[in-house]
Amino acid sequence: MAGAAIRGRLVAGLLLLALGPSPALAVSSAPSSDLPDISAIRAQIYGGDHEKAIAALLELTQTVQHAELYNLLGYSHRSLGRHEEAGKYYREALFLDPSHRGALEYQGELFITTGNLDGARTNLRYLQLLCGEKGCAEEEQLRKALAEAEP
């Protein structure tokens, strides 16, 4: 258990060094560990109504600073082909929580989409460190996407 905690702190530190501060979005309040019920927003996203989801998420970020909100903003923008916006929100998610596996995976998929395979490989390495020997779904999904993208 102690090894996993140390590994998590090491990965978080490495990510902070690699990503640097995120001036793109100034966080107006302290990060929150409490994520409100966003099941309705998730339903909008999974139903393909990304514009409504983005509006709801942006409204929520006025009072709640949580990595998952920014991760979903990134996902929605990426789904709409807005790669620059998606990247900005993934960086913010990882600024708030450097070990957010979903943001690492989705940012890696954005890297693949934009031709930055090295960036995707870096995210895969971070996921390997975070997930350990057992692995995790995010690591497997990014590994698969990267394998399909590589020549």
# chains A, B, ... in the order shown; residues from 1 in each chain; ligands from 1
call {"tool": "select_by_dssp", "arguments": {"residues": "stretch 97-126 of chain A", "states": "alpha helix (DSSP H)", "output": "list in words"}}
result
Arg101, Gly102, Ala103, Leu104, Glu105, Tyr106, Gln107, Gly108, Glu109, Leu110, Phe111, Ile112, Thr113, Leu117, Asp118, Gly119, Ala120, Arg121, Thr122, Asn123, Leu124, Arg125 and Tyr126 of chain A
call {"tool": "write_last_selection", "arguments": {"atoms": "N, CA and C atoms", "output": "PDB file, in the first residue's frame"}}
result
ATOM      1  N   ARG A 101      -6.732   9.732 -14.094  1.00  0.00           N
ATOM      2  CA  ARG A 101      -6.496   8.765 -15.173  1.00  0.00           C
ATOM      3  C   ARG A 101      -7.337   9.048 -16.406  1.00  0.00           C
ATOM      4  N   GLY A 102      -8.577   9.457 -16.226  1.00  0.00           N
ATOM      5  CA  GLY A 102      -9.436   9.759 -17.369  1.00  0.00           C
ATOM      6  C   GLY A 102      -8.887  10.902 -18.204  1.00  0.00           C
ATOM      7  N   ALA A 103      -8.420  11.954 -17.541  1.00  0.00           N
ATOM      8  CA  ALA A 103      -7.854  13.094 -18.266  1.00  0.00           C
ATOM      9  C   ALA A 103      -6.570  12.694 -18.983  1.00  0.00           C
ATOM     10  N   LEU A 104      -5.761  11.855 -18.354  1.00  0.00           N
ATOM     11  CA  LEU A 104      -4.540  11.390 -19.020  1.00  0.00           C
ATOM     12  C   LEU A 104      -4.873  10.575 -20.264  1.00  0.00           C
ATOM     13  N   GLU A 105      -5.864   9.710 -20.151  1.00  0.00           N
ATOM     14  CA  GLU A 105      -6.250   8.907 -21.310  1.00  0.00           C
ATOM     15  C   GLU A 105      -6.814   9.785 -22.420  1.00  0.00           C
ATOM     16  N   TYR A 106      -7.772  10.627 -22.082  1.00  0.00           N
ATOM     17  CA  TYR A 106      -8.414  11.459 -23.102  1.00  0.00           C
ATOM     18  C   TYR A 106      -7.436  12.453 -23.720  1.00  0.00           C
ATOM     19  N   GLN A 107      -6.548  13.014 -22.909  1.00  0.00           N
ATOM     20  CA  GLN A 107      -5.539  13.912 -23.468  1.00  0.00           C
ATOM     21  C   GLN A 107      -4.627  13.130 -24.411  1.00  0.00           C
ATOM     22  N   GLY A 108      -4.304  11.893 -24.042  1.00  0.00           N
ATOM     23  CA  GLY A 108      -3.510  11.045 -24.925  1.00  0.00           C
ATOM     24  C   GLY A 108      -4.213  10.799 -26.248  1.00  0.00           C
ATOM     25  N   GLU A 109      -5.520  10.584 -26.208  1.00  0.00           N
ATOM     26  CA  GLU A 109      -6.282  10.402 -27.444  1.00  0.00           C
ATOM     27  C   GLU A 109      -6.307  11.687 -28.266  1.00  0.00           C
ATOM     28  N   LEU A 110      -6.361  12.835 -27.589  1.00  0.00           N
ATOM     29  CA  LEU A 110      -6.270  14.114 -28.300  1.00  0.00           C
ATOM     30  C   LEU A 110      -4.906  14.236 -28.972  1.00  0.00           C
ATOM     31  N   PHE A 111      -3.861  13.854 -28.252  1.00  0.00           N
ATOM     32  CA  PHE A 111      -2.520  13.886 -28.842  1.00  0.00           C
ATOM     33  C   PHE A 111      -2.473  13.038 -30.109  1.00  0.00           C
ATOM     34  N   ILE A 112      -3.070  11.867 -30.067  1.00  0.00           N
ATOM     35  CA  ILE A 112      -3.090  10.993 -31.246  1.00  0.00           C
ATOM     36  C   ILE A 112      -3.823  11.684 -32.390  1.00  0.00           C
ATOM     37  N   THR A 113      -4.972  12.253 -32.097  1.00  0.00           N
ATOM     38  CA  THR A 113      -5.774  12.933 -33.119  1.00  0.00           C
ATOM     39  C   THR A 113      -4.996  14.060 -33.783  1.00  0.00           C
ATOM     40  N   LEU A 117       2.143  11.787 -31.329  1.00  0.00           N
ATOM     41  CA  LEU A 117       2.241  10.430 -30.783  1.00  0.00           C
ATOM     42  C   LEU A 117       3.187  10.364 -29.595  1.00  0.00           C
ATOM     43  N   ASP A 118       4.216  11.212 -29.591  1.00  0.00           N
ATOM     44  CA  ASP A 118       5.123  11.234 -28.438  1.00  0.00           C
ATOM     45  C   ASP A 118       4.381  11.668 -27.173  1.00  0.00           C
ATOM     46  N   GLY A 119       3.509  12.656 -27.298  1.00  0.00           N
ATOM     47  CA  GLY A 119       2.705  13.084 -26.155  1.00  0.00           C
ATOM     48  C   GLY A 119       1.808  11.962 -25.664  1.00  0.00           C
ATOM     49  N   ALA A 120       1.214  11.215 -26.593  1.00  0.00           N
ATOM     50  CA  ALA A 120       0.362  10.085 -26.222  1.00  0.00           C
ATOM     51  C   ALA A 120       1.182   9.007 -25.515  1.00  0.00           C
ATOM     52  N   ARG A 121       2.390   8.758 -26.006  1.00  0.00           N
ATOM     53  CA  ARG A 121       3.258   7.755 -25.363  1.00  0.00           C
ATOM     54  C   ARG A 121       3.625   8.188 -23.943  1.00  0.00           C
ATOM     55  N   THR A 122       3.880   9.480 -23.768  1.00  0.00           N
ATOM     56  CA  THR A 122       4.202   9.996 -22.439  1.00  0.00           C
ATOM     57  C   THR A 122       3.028   9.778 -21.492  1.00  0.00           C
ATOM     58  N   ASN A 123       1.823  10.085 -21.947  1.00  0.00           N
ATOM     59  CA  ASN A 123       0.648   9.863 -21.103  1.00  0.00           C
ATOM     60  C   ASN A 123       0.466   8.387 -20.786  1.00  0.00           C
ATOM     61  N   LEU A 124       0.761   7.526 -21.756  1.00  0.00           N
ATOM     62  CA  LEU A 124       0.669   6.092 -21.509  1.00  0.00           C
ATOM     63  C   LEU A 124       1.658   5.675 -20.425  1.00  0.00           C
ATOM     64  N   ARG A 125       2.867   6.224 -20.456  1.00  0.00           N
ATOM     65  CA  ARG A 125       3.851   5.902 -19.408  1.00  0.00           C
ATOM     66  C   ARG A 125       3.356   6.372 -18.037  1.00  0.00           C
ATOM     67  N   TYR A 126       2.768   7.564 -17.968  1.00  0.00           N
ATOM     68  CA  TYR A 126       2.211   8.038 -16.694  1.00  0.00           C
ATOM     69  C   TYR A 126       1.114   7.095 -16.205  1.00  0.00           C
TER      70      TYR A 126
END
call {"tool": "residues_around", "arguments": {"residues": "A:Tyr89", "least_positions_apart": "5", "cutoff": "9 Å", "atoms": "only C-alpha atoms", "output": "list in words"}}
result
Ala24, Leu25, Leu69, Tyr70, Asn71, Leu72, Leu73, Gly74, Tyr75, His77, Glu84 and Leu94 of chain A
call {"tool": "write_last_selection", "arguments": {"atoms": "C-alpha atoms", "output": "compact mmCIF listing (two decimals), in the first residue's frame"}}
result
# COMPACT_ATOMS: atom_id res chain seq x y z
CA ALA A 24 -5.07 29.25 -19.46
CA LEU A 25 -7.81 28.99 -16.86
CA LEU A 69 -15.58 18.70 -14.72
CA TYR A 70 -12.63 19.93 -16.77
CA ASN A 71 -11.99 16.44 -18.10
CA LEU A 72 -15.57 16.28 -19.38
CA LEU A 73 -15.23 19.77 -20.87
CA GLY A 74 -12.16 18.53 -22.72
CA TYR A 75 -13.95 15.41 -23.89
CA HIS A 77 -14.80 19.88 -27.02
CA GLU A 84 -7.33 23.60 -28.87
CA LEU A 94 -4.46 17.64 -14.76
call {"tool": "atom_distance", "arguments": {"atom1": "atom CA of A:Ala55", "atom2": "atom CA of A:Ala43"}}
result
13.8 Å
